[in-house]
Number of protein chains: 4
Amino acid sequence: MFSNLSAGALGLPLDHTTSIDLAAKHGFGGVDPDLGYFRSLGSTTAVAEHAAAVRDKGLEWGMTGLPVPLDGSAAEFRQALVDLPEALELLTAAGVTRVGTWMRPMHDDLDYLRNWRLHVGRLALVAELLADAGLRIGLEYIGPKTFWSTERFPFIHSLREARELIADSGATNVGIILDSYHWYTAGESAADLAGLTDADIVSVDINDARADRERDEQQDLDRRLPYDTGVIDLEGFMGAVHAAGYSGPVKVEPFMKSLAEQTVDEVLADISARLDRAVAEA
Amino acid sequence: MFSNLSAGALGLPLDHTTSIDLAAKHGFGGVDPDLGYFRSLGSTTAVAEHAAAVRDKGLEWGMTGLPVPLDGSAAEFRQALVDLPEALELLTAAGVTRVGTWMRPMHDDLDYLRNWRLHVGRLALVAELLADAGLRIGLEYIGPKTFWSTERFPFIHSLREARELIADSGATNVGIILDSYHWYTAGESAADLAGLTDADIVSVDINDARADRERDEQQDLDRRLPYDTGVIDLEGFMGAVHAAGYSGPVKVEPFMKSLAEQTVDEVLADISARLDRAVAEA
Amino acid sequence: MFSNLSAGALGLPLDHTTSIDLAAKHGFGGVDPDLGYFRSLGSTTAVAEHAAAVRDKGLEWGMTGLPVPLDGSAAEFRQALVDLPEALELLTAAGVTRVGTWMRPMHDDLDYLRNWRLHVGRLALVAELLADAGLRIGLEYIGPKTFWSTERFPFIHSLREARELIADSGATNVGIILDSYHWYTAGESAADLAGLTDADIVSVDINDARADRERDEQQDLDRRLPYDTGVIDLEGFMGAVHAAGYSGPVKVEPFMKSLAEQTVDEVLADISARLDRAVAEA
Amino acid sequence: MFSNLSAGALGLPLDHTTSIDLAAKHGFGGVDPDLGYFRSLGSTTAVAEHAAAVRDKGLEWGMTGLPVPLDGSAAEFRQALVDLPEALELLTAAGVTRVGTWMRPMHDDLDYLRNWRLHVGRLALVAELLADAGLRIGLEYIGPKTFWSTERFPFIHSLREARELIADSGATNVGIILDSYHWYTAGESAADLAGLTDADIVSVDINDARADRERDEQQDLDRRLPYDTGVIDLEGFMGAVHAAGYSGPVKVEPFMKSLAEQTVDEVLADISARLDRAVAEA
């Protein structure tokens, strides 16, 4: 696995080329691809050249967003399928292999089974289209009860449910986005991660939680940097990730506005060091 | 449909024969059967005679509890099946046709699909055993968010989910216990009741809710008497029950300790009048 | 309901305008719409005028094919969704309300549950897109064992399965294409049709079966004209269709090459009379 | 893994003690337990002593039948649960760990999904009861098309379906009875066995098929001895079983009446040699 700079996940307003330079400067192993930037290059040839330059800096591609809203209206979903080939062509030209999305853990109209069927059906379709382009899809489950309990029908908010959804879809190019924050808020332990393999994981996020809140009071958008509070057992978490033989990106997504009070270089030096700690073999 | 005296649902410590006398005195149309009392009579002949005497007082049987814990451990569930024939023989002798249970709307270990499969499988089995004895099963869904959000995995807490569970079971002798309190707390309206028929409903409960709480703050065990606060649209609710052609018992289950401050006769006179209002054609 | 001329189902090579003229001449109540012809008219205005002219002849629209292959590859399915709006615009302009497709009753790679999920997911999506255009989808199950037993994994081949698929999809604009030939070969009786309503049926086909074959030996593409052999209980079948209050088209689809030995007028006079017999109230 | 003498599977009318003696004489590694014999011993102490004597002969226990009919009527299934503890006590006393049953691959009334739910629900219940007694359940899928196509609704008849059923049940003490004959008739190859582990397999049967019939014409009850005709790729099959690290019994179940023409010793010497060949590392 490798440390990955995802400027968006850190809330840093960096453009793609700046991200690449800073990722290299601060010793990250990878950086997120940017579909908008690829598009601006005007040709797949230019995209391939750009990707080669990024590789020459010693950087791998992290993950970019799945350009299809799994739970949009039928009309929105259809339009995304219409637009999909252009995005796939660019991602393929760049050699990107990981896209991801999170699953909204509740719904006001669709009960659990209806929402399940919606996700199974659309995931199977999108996964087949992306498999043809050599792409894997990561699905992120969202753990905080303060989120999944806010509408009439809670939905997937645990690893077990997410894995069963993937199994039901029949897709072989779909895995989990494993975020320590969701793992903790879902009430999961290292035992829940036993048996995972590299094929089951598309991306890893490490975050810590506030020390002054109980697990069920934690907010999705108010976290702490990894190893900050020690609320989350990151040793247990990363131990399981290592045991899975995971080979992909590891990033931080803290949703902390206070990062804006530091310089970008200060933030990235700090994040890179925390990720290096996580990535190092236990 | 008919008004029904369920002493247990009112929190009144009345024995079975007293309940029968008071049901007749206060003009109820029915009274709940009492399996323990039937057992004490010592023979199915005696039970049949008792049931005839109740009928002679102009009373129908309401509903008694399903003597099988749908979500117990396998060992508990098996033991209940071992004991079941004795209970069915007594209920059959008495001419009882309705038994019911409520579904726990959350679980700390079983996620939604596992819990769904547990209920589908056991409900199908129990329903077939009860169908052979001429009994129908009522399932009550529990609406308050203050209840279903208290463990890791919320489960069925709406009419739509309960009806789909019944459909999945394939059983034709299972219906809903329709409680206005759960209907209200589940965020449902009269439109959600459209299309129900007498075959879909095994029992009806009418209750009102506290006026000083929002819907999502209502507590399962802190309700108000029907027509008390007007928080719950009982006209819409009972209109739909009438439209369904419902022919069974209607009772009150307020979980109000303050009822103990009145005499039993005062309580029953009040409850009977409220039920009469509900049962009367709109 | 009304008798409907479907030249394609009769194996007659009639173009659309000829079909319309012959439908009117032979007293049919409706005729199948022809998307290719609509397209050739060059504008939705012209399509609307054409449809008005057809209505002026006293003809209603029957059903045309769903322009999406539910079980195609993901790439084929996606392409059909890309092309769908153009077809929907033409069908809407013409006032067509019924499209239909049949379900392949077996698969060599997808086992039953995988195939089920494929159909549920795609049907839900397509139904939502068509609902926005005011269209209903008819699904035809295929009954002959000589067909469903020919690959490794049999799939839906009965009314009950087809109805459960529709229920699982959650769509409210999907119904059954009810063909007496599949009803017979599936081993179904009038009792299986009880409870159907007009909303459950999108199209009705009536055919008879060969008298020299057992039910399980009947071939999908070798049938007889309705009322020919009496093998199929068309009185029972149509009685149930009448009881459902069905309001749509009734057609014949005999797969009989011998019809080519008669003149078109002879064939249509015969078919129209047979349909009139079926449509007439029992 | 070890070769196992299952007299019943060979059609030999041997009583339990004779089977044990002959298993030892002919070098089998195990022998099937016999619940009826255990019962006849009169006490769990006597059963434990008997089991110790069998172990002293160098024999392990094979598998005995699951004493619960998964697809019986509700009344039959309930009765089997009533009787279950007595059987479990005897099997536990003997140290038996494997029981098994086959799944009927079709049904005349239950369509695929209804039958699936029946099996999932009952399997989950029985598996939990047996887990408490330290027993694992083996499920055998039946492959021949000449069997699964004989009623209205085909059911599970492939490894993939059987494994998904087990996954749906949520049970961790259920695995497959892997029979080369069903694997062949289901159209499966060694690739379908990839990824299986010892925990996925409860018993292994090896048989060959008639050389004068096509795969889809093979009959369930008319097989050949392993390595006889070479129709079935037993090298590929056993290679995958070895790769899974399988540790349990391997037996032969040929359904060949012609075995009765040989002496029992001739038959067992032959069978033992064939099993030794299969059990030997490739």
# chains A, B, ... in the order shown; residues from 1 in each chain; ligands from 1
$ residues_around --residues "C:Asp265" --least-positions-apart "5" --cutoff "12 Å" --atoms "only C-alpha atoms" --output "list in words"
Leu12, Leu14, Thr18, Ser19, Asp21, Leu22, Ala23, Ala24, Lys25, His26, Gly27, Leu259, Ala260, Asp270, Ile271 and Ser272 of chain C
$ write_last_selection --atoms "all heavy atoms" --output "JSON list (two decimals), in the first residue's frame"
[["chain", "number", "residue", "atom", "x", "y", "z"],
["C", 12, "LEU", "N", -47.47, -12.18, -40.84],
["C", 12, "LEU", "CA", -47.87, -11.56, -42.11],
["C", 12, "LEU", "C", -46.96, -10.37, -42.41],
["C", 12, "LEU", "O", -46.80, -9.49, -41.56],
["C", 12, "LEU", "CB", -49.32, -11.08, -42.03],
["C", 12, "LEU", "CG", -50.37, -12.17, -41.77],
["C", 12, "LEU", "CD1", -51.76, -11.54, -41.65],
["C", 12, "LEU", "CD2", -50.35, -13.21, -42.88],
["C", 14, "LEU", "N", -47.01, -7.41, -43.53],
["C", 14, "LEU", "CA", -47.79, -6.23, -43.91],
["C", 14, "LEU", "C", -47.09, -4.97, -43.42],
["C", 14, "LEU", "O", -46.61, -4.94, -42.29],
["C", 14, "LEU", "CB", -49.18, -6.29, -43.26],
["C", 14, "LEU", "CG", -50.00, -7.56, -43.50],
["C", 14, "LEU", "CD1", -51.30, -7.48, -42.73],
["C", 14, "LEU", "CD2", -50.23, -7.76, -44.98],
["C", 18, "THR", "N", -50.85, -0.60, -44.40],
["C", 18, "THR", "CA", -51.72, -1.69, -44.85],
["C", 18, "THR", "C", -52.37, -2.37, -43.65],
["C", 18, "THR", "O", -53.56, -2.71, -43.68],
["C", 18, "THR", "CB", -50.88, -2.72, -45.64],
["C", 18, "THR", "OG1", -50.18, -2.05, -46.69],
["C", 18, "THR", "CG2", -51.77, -3.81, -46.21],
["C", 19, "SER", "N", -51.61, -2.57, -42.60],
["C", 19, "SER", "CA", -52.18, -3.17, -41.39],
["C", 19, "SER", "C", -53.35, -2.36, -40.88],
["C", 19, "SER", "O", -54.39, -2.90, -40.48],
["C", 19, "SER", "CB", -51.11, -3.25, -40.28],
["C", 19, "SER", "OG", -50.19, -4.27, -40.56],
["C", 21, "ASP", "N", -55.30, -0.30, -42.54],
["C", 21, "ASP", "CA", -56.46, -0.42, -43.43],
["C", 21, "ASP", "C", -57.15, -1.76, -43.25],
["C", 21, "ASP", "O", -58.39, -1.85, -43.20],
["C", 21, "ASP", "CB", -56.00, -0.26, -44.90],
["C", 21, "ASP", "CG", -55.56, 1.17, -45.18],
["C", 21, "ASP", "OD1", -55.93, 2.09, -44.40],
["C", 21, "ASP", "OD2", -54.82, 1.37, -46.17],
["C", 22, "LEU", "N", -56.35, -2.84, -43.15],
["C", 22, "LEU", "CA", -56.94, -4.17, -43.02],
["C", 22, "LEU", "C", -57.59, -4.36, -41.64],
["C", 22, "LEU", "O", -58.61, -5.05, -41.52],
["C", 22, "LEU", "CB", -55.88, -5.24, -43.27],
["C", 22, "LEU", "CG", -55.43, -5.34, -44.74],
["C", 22, "LEU", "CD1", -54.23, -6.28, -44.87],
["C", 22, "LEU", "CD2", -56.60, -5.85, -45.60],
["C", 23, "ALA", "N", -57.00, -3.74, -40.64],
["C", 23, "ALA", "CA", -57.62, -3.83, -39.31],
["C", 23, "ALA", "C", -59.00, -3.21, -39.34],
["C", 23, "ALA", "O", -59.98, -3.77, -38.82],
["C", 23, "ALA", "CB", -56.74, -3.13, -38.26],
["C", 24, "ALA", "N", -59.10, -2.06, -39.99],
["C", 24, "ALA", "CA", -60.40, -1.39, -40.08],
["C", 24, "ALA", "C", -61.37, -2.22, -40.92],
["C", 24, "ALA", "O", -62.53, -2.43, -40.54],
["C", 24, "ALA", "CB", -60.22, 0.01, -40.68],
["C", 25, "LYS", "N", -60.86, -2.73, -42.05],
["C", 25, "LYS", "CA", -61.71, -3.50, -42.97],
["C", 25, "LYS", "C", -62.30, -4.74, -42.30],
["C", 25, "LYS", "O", -63.47, -5.07, -42.49],
["C", 25, "LYS", "CB", -60.87, -3.91, -44.18],
["C", 25, "LYS", "CG", -61.58, -4.84, -45.16],
["C", 25, "LYS", "CD", -60.67, -5.19, -46.32],
["C", 25, "LYS", "CE", -61.34, -6.21, -47.25],
["C", 25, "LYS", "NZ", -60.39, -6.64, -48.31],
["C", 26, "HIS", "N", -61.47, -5.41, -41.48],
["C", 26, "HIS", "CA", -61.90, -6.68, -40.89],
["C", 26, "HIS", "C", -62.46, -6.54, -39.48],
["C", 26, "HIS", "O", -62.67, -7.54, -38.79],
["C", 26, "HIS", "CB", -60.75, -7.68, -40.92],
["C", 26, "HIS", "CG", -60.45, -8.20, -42.29],
["C", 26, "HIS", "ND1", -61.25, -9.11, -42.94],
["C", 26, "HIS", "CD2", -59.47, -7.88, -43.17],
["C", 26, "HIS", "CE1", -60.76, -9.37, -44.14],
["C", 26, "HIS", "NE2", -59.68, -8.62, -44.32],
["C", 27, "GLY", "N", -62.67, -5.29, -39.07],
["C", 27, "GLY", "CA", -63.39, -5.10, -37.81],
["C", 27, "GLY", "C", -62.57, -5.31, -36.55],
["C", 27, "GLY", "O", -63.13, -5.55, -35.48],
["C", 259, "LEU", "N", -50.47, -20.55, -42.37],
["C", 259, "LEU", "CA", -51.32, -19.39, -42.64],
["C", 259, "LEU", "C", -50.95, -18.75, -43.98],
["C", 259, "LEU", "O", -51.78, -18.12, -44.64],
["C", 259, "LEU", "CB", -51.17, -18.34, -41.53],
["C", 259, "LEU", "CG", -51.71, -18.71, -40.14],
["C", 259, "LEU", "CD1", -51.64, -17.50, -39.22],
["C", 259, "LEU", "CD2", -53.13, -19.24, -40.23],
["C", 260, "ALA", "N", -49.67, -18.94, -44.39],
["C", 260, "ALA", "CA", -49.22, -18.35, -45.65],
["C", 260, "ALA", "C", -49.92, -18.96, -46.85],
["C", 260, "ALA", "O", -49.87, -18.41, -47.96],
["C", 260, "ALA", "CB", -47.70, -18.51, -45.78],
["C", 270, "ASP", "N", -60.73, -14.71, -40.54],
["C", 270, "ASP", "CA", -60.78, -15.81, -39.58],
["C", 270, "ASP", "C", -60.30, -15.36, -38.19],
["C", 270, "ASP", "O", -60.97, -15.60, -37.17],
["C", 270, "ASP", "CB", -59.89, -16.95, -40.10],
["C", 270, "ASP", "CG", -59.92, -18.18, -39.20],
["C", 270, "ASP", "OD1", -60.94, -18.37, -38.49],
["C", 270, "ASP", "OD2", -58.94, -18.94, -39.20],
["C", 271, "ILE", "N", -59.16, -14.69, -38.15],
["C", 271, "ILE", "CA", -58.59, -14.25, -36.86],
["C", 271, "ILE", "C", -59.55, -13.28, -36.17],
["C", 271, "ILE", "O", -59.79, -13.38, -34.96],
["C", 271, "ILE", "CB", -57.22, -13.57, -37.09],
["C", 271, "ILE", "CG1", -56.21, -14.57, -37.65],
["C", 271, "ILE", "CG2", -56.72, -12.93, -35.80],
["C", 271, "ILE", "CD1", -55.83, -15.69, -36.71],
["C", 272, "SER", "N", -60.08, -12.35, -36.94],
["C", 272, "SER", "CA", -60.97, -11.35, -36.35],
["C", 272, "SER", "C", -62.19, -12.02, -35.71],
["C", 272, "SER", "O", -62.61, -11.65, -34.61],
["C", 272, "SER", "CB", -61.41, -10.35, -37.43],
["C", 272, "SER", "OG", -62.19, -9.32, -36.86]]
$ interface_residues --of "chain B" --to "chain A" --cutoff "10 Å" --atoms "only C-alpha atoms" --output "count of residues only"
27
$ select_by_dssp --residues "stretch 155-193 of chain C" --states "helix (DSSP H, G or I)" --output "list of chain:residue names"
C:Leu159, C:Arg160, C:Glu161, C:Ala162, C:Arg163, C:Glu164, C:Leu165, C:Ile166, C:Ala167, C:Asp168, C:Ser169, C:Ser180, C:Tyr181, C:His182, C:Trp183, C:Tyr184, C:Thr185, C:Ala190, C:Ala191, C:Asp192, C:Leu193
$ residues_around --residues "stretch 201-215 of chain B" --least-positions-apart "3" --cutoff "9 Å" --atoms "only C-alpha atoms" --output "count of residues only"
57
$ atom_distance --atom1 "atom CA of A:Pro33" --atom2 "atom CA of C:Val82"
27.1 Å
$ select_by_dssp --residues "stretch 24-255 of chain D" --states "strand (DSSP E)" --output "MDAnalysis selection string"
chainID D and resid 30:31 60:61 64:65 98:102 106:107 136:140 153:154 174:179 201:205 249:251
$ closest_residue --among "D:Leu125, D:Met103, D:Val96, D:Ala53" --to "B:Asp71" --atoms "only C-alpha atoms"
D:Leu125
$ closest_residue --among "C:Val120, C:Ser40, C:Ala9, C:Leu59" --to "C:Leu221" --atoms "only C-alpha atoms"
C:Ala9
$ atom_distance --atom1 "atom CA of C:Ala48" --atom2 "atom CA of C:Ser6"
20.6 Å
$ residues_around --residues "A:Glu60" --least-positions-apart "3" --cutoff "7 Å" --atoms "only C-alpha atoms" --output "list of chain:residue names"
A:Gly29, A:Gly30, A:Val31, A:Arg55
$ write_last_selection --atoms "all heavy atoms" --output "PDB file, in the first residue's frame"
ATOM      1  N   GLY A  29       3.100   8.562  -1.707  1.00  0.00           N
ATOM      2  CA  GLY A  29       3.318   7.534  -2.712  1.00  0.00           C
ATOM      3  C   GLY A  29       2.352   7.650  -3.880  1.00  0.00           C
ATOM      4  O   GLY A  29       2.558   7.035  -4.927  1.00  0.00           O
ATOM      5  N   GLY A  30       1.291   8.429  -3.706  1.00  0.00           N
ATOM      6  CA  GLY A  30       0.307   8.553  -4.772  1.00  0.00           C
ATOM      7  C   GLY A  30      -0.480   9.837  -4.651  1.00  0.00           C
ATOM      8  O   GLY A  30      -0.366  10.570  -3.660  1.00  0.00           O
ATOM      9  N   VAL A  31      -1.289  10.088  -5.649  1.00  0.00           N
ATOM     10  CA  VAL A  31      -2.099  11.294  -5.700  1.00  0.00           C
ATOM     11  C   VAL A  31      -3.394  10.950  -6.437  1.00  0.00           C
ATOM     12  O   VAL A  31      -3.401  10.080  -7.308  1.00  0.00           O
ATOM     13  CB  VAL A  31      -1.336  12.431  -6.423  1.00  0.00           C
ATOM     14  CG1 VAL A  31      -1.094  12.069  -7.893  1.00  0.00           C
ATOM     15  CG2 VAL A  31      -2.065  13.764  -6.307  1.00  0.00           C
ATOM     16  N   ARG A  55       3.889   9.322 -13.169  1.00  0.00           N
ATOM     17  CA  ARG A  55       4.600   8.095 -12.786  1.00  0.00           C
ATOM     18  C   ARG A  55       6.097   8.364 -12.648  1.00  0.00           C
ATOM     19  O   ARG A  55       6.761   7.807 -11.773  1.00  0.00           O
ATOM     20  CB  ARG A  55       4.361   6.993 -13.822  1.00  0.00           C
ATOM     21  CG  ARG A  55       3.084   6.204 -13.612  1.00  0.00           C
ATOM     22  CD  ARG A  55       3.080   4.904 -14.421  1.00  0.00           C
ATOM     23  NE  ARG A  55       3.240   5.153 -15.854  1.00  0.00           N
ATOM     24  CZ  ARG A  55       2.235   5.475 -16.674  1.00  0.00           C
ATOM     25  NH1 ARG A  55       0.999   5.603 -16.206  1.00  0.00           N
ATOM     26  NH2 ARG A  55       2.458   5.686 -17.950  1.00  0.00           N
TER      27      ARG A  55
END
$ atom_distance --atom1 "atom CA of B:Tyr37" --atom2 "atom CA of B:Glu86"
13.5 Å
$ closest_residue --among "B:Glu128, B:Phe147, B:Leu165, B:Ser189" --to "D:Gly72" --atoms "only C-alpha atoms"
B:Glu128
$ residues_around --residues "C:Arg78" --least-positions-apart "4" --cutoff "10 Å" --atoms "only C-alpha atoms" --output "short mmCIF file (atom, residue, chain, number, x, y, z; two decimals) with C-alpha atoms, in the first residue's frame"
data_model
loop_
_atom_site.label_atom_id
_atom_site.label_comp_id
_atom_site.auth_asym_id
_atom_site.auth_seq_id
_atom_site.Cartn_x
_atom_site.Cartn_y
_atom_site.Cartn_z
CA ARG A 78 -29.45 7.19 -17.38
CA LEU A 81 -24.57 6.23 -18.38
CA VAL A 82 -24.84 8.29 -21.56
CA LEU A 84 -19.84 7.47 -19.08
CA LEU A 125 -24.73 -2.69 -14.38
CA VAL A 126 -22.13 -0.01 -13.69
CA LEU A 129 -19.42 -1.31 -17.79
CA VAL C 68 -34.50 -2.22 -24.41
CA PRO C 69 -33.02 -5.75 -24.13
CA GLY C 72 -28.46 -7.93 -22.97
CA SER C 73 -24.86 -7.26 -22.05
CA ALA C 74 -24.24 -4.14 -19.99
CA VAL C 82 -28.88 6.13 -24.77
CA ASP C 83 -31.29 5.64 -27.66
CA LEU C 84 -34.43 5.45 -25.56
#
$ residues_around --residues "C:Ala46" --least-positions-apart "5" --cutoff "10 Å" --atoms "only C-alpha atoms" --output "PyMOL selection string"
chain C and resi 38-41+51-52+90+93-94
$ decode --residues "stretch 186-207 of chain B" --atoms "N, CA, C and O atoms" --output "mmCIF file, in the first residue's frame"
data_model
loop_
_atom_site.group_PDB
_atom_site.id
_atom_site.type_symbol
_atom_site.label_atom_id
_atom_site.label_comp_id
_atom_site.auth_asym_id
_atom_site.auth_seq_id
_atom_site.Cartn_x
_atom_site.Cartn_y
_atom_site.Cartn_z
ATOM 1 N N ALA B 186 -44.436 6.007 12.562
ATOM 2 C CA ALA B 186 -43.713 5.581 11.359
ATOM 3 C C ALA B 186 -43.816 6.622 10.245
ATOM 4 O O ALA B 186 -43.257 6.427 9.169
ATOM 5 N N GLY B 187 -44.553 7.696 10.495
ATOM 6 C CA GLY B 187 -44.675 8.736 9.479
ATOM 7 C C GLY B 187 -45.631 8.366 8.368
ATOM 8 O O GLY B 187 -45.513 8.853 7.243
ATOM 9 N N GLU B 188 -46.600 7.497 8.696
ATOM 10 C CA GLU B 188 -47.524 7.035 7.663
ATOM 11 C C GLU B 188 -48.814 7.849 7.674
ATOM 12 O O GLU B 188 -49.151 8.498 8.674
ATOM 13 N N SER B 189 -49.528 7.760 6.569
ATOM 14 C CA SER B 189 -50.789 8.487 6.431
ATOM 15 C C SER B 189 -51.877 7.524 5.970
ATOM 16 O O SER B 189 -51.624 6.339 5.742
ATOM 17 N N ALA B 190 -53.091 8.049 5.837
ATOM 18 C CA ALA B 190 -54.206 7.207 5.390
ATOM 19 C C ALA B 190 -53.907 6.582 4.031
ATOM 20 O O ALA B 190 -54.345 5.461 3.739
ATOM 21 N N ALA B 191 -53.129 7.291 3.204
ATOM 22 C CA ALA B 191 -52.807 6.748 1.878
ATOM 23 C C ALA B 191 -52.054 5.422 1.989
ATOM 24 O O ALA B 191 -52.195 4.548 1.136
ATOM 25 N N ASP B 192 -51.265 5.276 3.039
ATOM 26 C CA ASP B 192 -50.513 4.033 3.200
ATOM 27 C C ASP B 192 -51.420 2.850 3.538
ATOM 28 O O ASP B 192 -51.003 1.696 3.435
ATOM 29 N N LEU B 193 -52.627 3.139 3.980
ATOM 30 C CA LEU B 193 -53.568 2.077 4.354
ATOM 31 C C LEU B 193 -54.478 1.685 3.196
ATOM 32 O O LEU B 193 -55.238 0.709 3.300
ATOM 33 N N ALA B 194 -54.409 2.444 2.111
ATOM 34 C CA ALA B 194 -55.294 2.178 0.968
ATOM 35 C C ALA B 194 -55.034 0.791 0.415
ATOM 36 O O ALA B 194 -53.883 0.365 0.292
ATOM 37 N N GLY B 195 -56.094 0.091 0.081
ATOM 38 C CA GLY B 195 -55.958 -1.220 -0.526
ATOM 39 C C GLY B 195 -55.944 -2.362 0.460
ATOM 40 O O GLY B 195 -56.026 -3.524 0.069
ATOM 41 N N LEU B 196 -55.848 -2.066 1.750
ATOM 42 C CA LEU B 196 -55.912 -3.142 2.738
ATOM 43 C C LEU B 196 -57.301 -3.780 2.734
ATOM 44 O O LEU B 196 -58.311 -3.098 2.524
ATOM 45 N N THR B 197 -57.337 -5.076 2.972
ATOM 46 C CA THR B 197 -58.609 -5.776 3.088
ATOM 47 C C THR B 197 -58.677 -6.452 4.459
ATOM 48 O O THR B 197 -57.695 -6.474 5.198
ATOM 49 N N ASP B 198 -59.833 -7.003 4.746
ATOM 50 C CA ASP B 198 -60.025 -7.683 6.029
ATOM 51 C C ASP B 198 -58.991 -8.792 6.220
ATOM 52 O O ASP B 198 -58.534 -9.049 7.345
ATOM 53 N N ALA B 199 -58.600 -9.424 5.115
ATOM 54 C CA ALA B 199 -57.622 -10.514 5.217
ATOM 55 C C ALA B 199 -56.233 -10.016 5.600
ATOM 56 O O ALA B 199 -55.388 -10.801 6.032
ATOM 57 N N ASP B 200 -55.985 -8.729 5.435
ATOM 58 C CA ASP B 200 -54.657 -8.181 5.738
ATOM 59 C C ASP B 200 -54.506 -7.743 7.191
ATOM 60 O O ASP B 200 -53.406 -7.408 7.620
ATOM 61 N N ILE B 201 -55.614 -7.696 7.934
ATOM 62 C CA ILE B 201 -55.587 -7.130 9.284
ATOM 63 C C ILE B 201 -56.072 -8.168 10.282
ATOM 64 O O ILE B 201 -57.133 -8.754 10.118
ATOM 65 N N VAL B 202 -55.312 -8.405 11.320
ATOM 66 C CA VAL B 202 -55.691 -9.379 12.340
ATOM 67 C C VAL B 202 -56.174 -8.689 13.610
ATOM 68 O O VAL B 202 -57.036 -9.213 14.318
ATOM 69 N N SER B 203 -55.652 -7.507 13.888
ATOM 70 C CA SER B 203 -56.118 -6.758 15.046
ATOM 71 C C SER B 203 -55.852 -5.279 14.814
ATOM 72 O O SER B 203 -54.954 -4.915 14.046
ATOM 73 N N VAL B 204 -56.666 -4.432 15.481
ATOM 74 C CA VAL B 204 -56.486 -2.982 15.378
ATOM 75 C C VAL B 204 -56.358 -2.402 16.776
ATOM 76 O O VAL B 204 -57.141 -2.742 17.674
ATOM 77 N N ASP B 205 -55.344 -1.557 16.967
ATOM 78 C CA ASP B 205 -55.174 -0.817 18.220
ATOM 79 C C ASP B 205 -55.313 0.665 17.927
ATOM 80 O O ASP B 205 -54.754 1.146 16.942
ATOM 81 N N ILE B 206 -56.042 1.371 18.795
ATOM 82 C CA ILE B 206 -56.083 2.824 18.618
ATOM 83 C C ILE B 206 -55.549 3.504 19.871
ATOM 84 O O ILE B 206 -55.946 3.199 20.994
ATOM 85 N N ASN B 207 -54.642 4.405 19.634
ATOM 86 C CA ASN B 207 -54.033 5.182 20.707
ATOM 87 C C ASN B 207 -53.731 6.561 20.170
ATOM 88 O O ASN B 207 -53.641 6.758 18.956
#
